[in-house]
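Here's the structure we're looking at; comments come further down.
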Amino acid sequence: MTSQSAGAASPKGRGRRPGGVDTRAAILEAARKSFAAKGYDKVSMRGIAREAGVDPSLVHHYFEGKAALFAQTLDVPVDPGAVVDAVLAQGRDRLGWSVAESFLRVWDAPERRQSFAALVRSAMTSDESARVLREFLAREVFGRIAASTGGPDAALRASLAASQVLGMAVLRYVVKVPALVEASNADIVERLGPVLQLHLVDGRRVEA
């Protein structure tokens, strides 16, 4: 009876030890539902904790932040915030090349190509998936990179850079255009890097 009373008195989600698979799974499921219902921008870590029925500290125990949690719901193999930090640490002079190189390093493994293809197909067939992915890329990835240069029209420059990278990736990993599939990462980086550099850093220098 004492055991039953103690169990009944425990708040929802409390008492689970850090590292429990059930707690992490509950957080991921709550995050998927929240992102789908509200989009990326309007979801908070505290709100996800509330949806999962756990203490907010547990959400931060398992995930570095909202970007990392969202990446896990998409089965993205890395923390996007850490990748962007590493890109920005390379400096502005080779920013475009660093973006291309980092993207290819993340997605070029065969098993990750399948995840990318699934992500693209989801965004193309679901308005909700497309909205969440769009907000995420704008805020956490290309938006951060474009804003770091301090130039004007950061949103436009971020969108143009994203269109180049994602367009290349769709043709390489989803459509599987032979020339892109067979091209080496180094060759793609050297050809795509200057275009990304133009959008992210040097575009404002081009005269109309």
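Ordering of the structure tokens sets the chain letters (A, B, ...); residue numbers start at 1 within each chain; ligands are numbered from 1 in the order shown.
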Practice problem: Tell me, as a ChimeraX atom specification, which residues lie within 10 Å of Ala26 (chain A), counting only C-alpha atoms; anything in the same chain fewer than 2 positions away does not count. | Solution: /A:13,21-24,28-32,48-49,51-54
What are the nearest atom pairs, with distances in Å to one decimal, for all residues of region 23-81 of chain A that come at most 10 Å from region 106-118 of chain A, using only C-alpha atoms, set out by chain and rising residue number as JSON lines?
{"residue": "A:Leu74", "atom": "CA", "partner": "A:Ser115", "partner_atom": "CA", "distance": 8.3}
{"residue": "A:Asp75", "atom": "CA", "partner": "A:Ser115", "partner_atom": "CA", "distance": 6.9}
{"residue": "A:Val76", "atom": "CA", "partner": "A:Ser115", "partner_atom": "CA", "distance": 7.4}
{"residue": "A:Pro77", "atom": "CA", "partner": "A:Val106", "partner_atom": "CA", "distance": 7.5}
{"residue": "A:Val78", "atom": "CA", "partner": "A:Val106", "partner_atom": "CA", "distance": 7.4}
{"residue": "A:Pro80", "atom": "CA", "partner": "A:Val106", "partner_atom": "CA", "distance": 9.7}
Could those residues be written to a file, using C-alpha atoms, as a CSV table (one decimal), in the first residue's frame?
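Saved the output as part25.csv:
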chain,number,residue,atom,x,y,z
A,74,LEU,CA,14.2,14.6,-38.3
A,75,ASP,CA,16.9,11.9,-37.7
A,76,VAL,CA,19.6,14.4,-38.6
A,77,PRO,CA,22.9,12.8,-37.5
A,78,VAL,CA,24.6,15.9,-36.0
A,80,PRO,CA,23.3,21.7,-36.5
Self-check item: Close residues, Gly143 (chain A) itself excluded, 7 Å, only C-alpha atoms, min 5 positions apart in chain, as number ranges by chain
Solution: A: 137-138, 154-155, 158
Exercise. For Phe35 (chain A), list every protein, DNA or RNA residue within 10 Å, evaluated using only C-alpha atoms, and leave out those in the same chain fewer than 3 positions away; present the list as a list of chain:residue names.
Key: A:Ala30, A:Ala31, A:Arg32, A:Lys38, A:Gly39, A:Tyr40, A:Asp41, A:Lys42, A:Val43, A:Ser44, A:Ile48, A:Phe70, A:Thr73, A:Glu128, A:Ser129, A:Arg131, A:Val132, A:Leu133
Those same residues, written as a compact mmCIF listing (two decimals), in the first residue's frame with C-alpha atoms?
# COMPACT_ATOMS: atom_id res chain seq x y z
CA ALA A 30 6.19 15.46 -27.73
CA ALA A 31 8.64 17.49 -29.81
CA ARG A 32 7.42 15.95 -33.08
CA LYS A 38 3.05 25.04 -34.15
CA GLY A 39 6.05 25.23 -36.49
CA TYR A 40 9.63 25.68 -35.38
CA ASP A 41 9.57 29.31 -34.24
CA LYS A 42 6.65 29.03 -31.79
CA VAL A 43 7.83 25.92 -29.97
CA SER A 44 9.79 26.23 -26.72
CA ILE A 48 7.87 20.42 -25.05
CA PHE A 70 14.53 19.31 -33.77
CA THR A 73 13.08 14.48 -34.61
CA GLU A 128 3.41 21.31 -42.29
CA SER A 129 6.75 19.59 -42.80
CA ARG A 131 6.90 25.06 -42.94
CA VAL A 132 8.80 23.60 -40.00
CA LEU A 133 11.88 22.85 -42.11
Quiz prompt | Pairwise distance for CA of Glu182 (chain A) and CA of Phe142 (chain A), rounded to one decimal in Å | solution =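 We find that CA of Glu182 (chain A) and CA of Phe142 (chain A) lie 26.4 Å from each other.
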Using only C-alpha atoms, what table do you get, as a Markdown table, when you list each residue of region 146-170 of chain A with an atom no more than 10 Å from region 84-101 of chain A, its nearest pair of atoms, and their distance in Å rounded to one decimal, rows by chain then rising number?
| residue | atom | partner | partner_atom | distance |
| --- | --- | --- | --- | --- |
| A:Ala146 | CA | A:Leu95 | CA | 9.8 |
| A:Ser148 | CA | A:Leu88 | CA | 7.7 |
| A:Thr149 | CA | A:Arg92 | CA | 7.1 |
| A:Ala161 | CA | A:Gly96 | CA | 8.7 |
| A:Gln164 | CA | A:Ala100 | CA | 9.5 |
| A:Val165 | CA | A:Ala100 | CA | 7.0 |
| A:Met168 | CA | A:Ala100 | CA | 9.9 |
Take the residues just selected and output them with N, CA and C atoms as a compact mmCIF listing (two decimals), in the first residue's frame.
# COMPACT_ATOMS: atom_id res chain seq x y z
N ALA A 146 24.24 33.77 -42.71
CA ALA A 146 24.14 35.03 -43.45
C ALA A 146 24.21 36.23 -42.51
N SER A 148 25.80 36.49 -39.80
CA SER A 148 27.12 36.64 -39.21
C SER A 148 28.01 37.60 -39.99
N THR A 149 27.71 37.82 -41.26
CA THR A 149 28.56 38.69 -42.07
C THR A 149 28.25 40.16 -41.87
N ALA A 161 21.49 31.14 -50.69
CA ALA A 161 22.50 30.14 -50.36
C ALA A 161 21.85 28.78 -50.12
N GLN A 164 20.93 27.01 -53.33
CA GLN A 164 22.07 26.41 -54.02
C GLN A 164 22.47 25.07 -53.38
N VAL A 165 22.58 25.07 -52.07
CA VAL A 165 23.03 23.86 -51.36
C VAL A 165 21.97 22.76 -51.46
N MET A 168 21.60 21.38 -55.05
CA MET A 168 22.67 20.43 -55.35
C MET A 168 22.40 19.09 -54.68
Self-check item: All alpha helix (DSSP H) residues (DSSP, backbone) inside chain A, as a ChimeraX atom specification
Solution: /A:2-9,21-38,45-52,56-62,66-73,80-89,95-107,110-125,127-136,142-147,154-169,178-182,185-197
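Using only C-alpha atoms, the residues found no farther than 10 Å from Ser57 (chain A), other than those of its own chain fewer than 6 positions away, are Pro18, Met45, Arg46, Ala49 and Phe63 of chain A.
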Quiz prompt | Given only C-alpha atoms as the counted atoms, nearest of A:Ala25, A:Ser34, A:Val189, A:Ala82 to Leu58 (chain A) | solution =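 Closest to Leu58 (chain A), using only C-alpha atoms: A:Ala25.
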Quiz item: In Å, with one decimal, what is the gap from CA of Leu166 (chain A) to CA of Arg105 (chain A)?
Solution: 14.1 Å
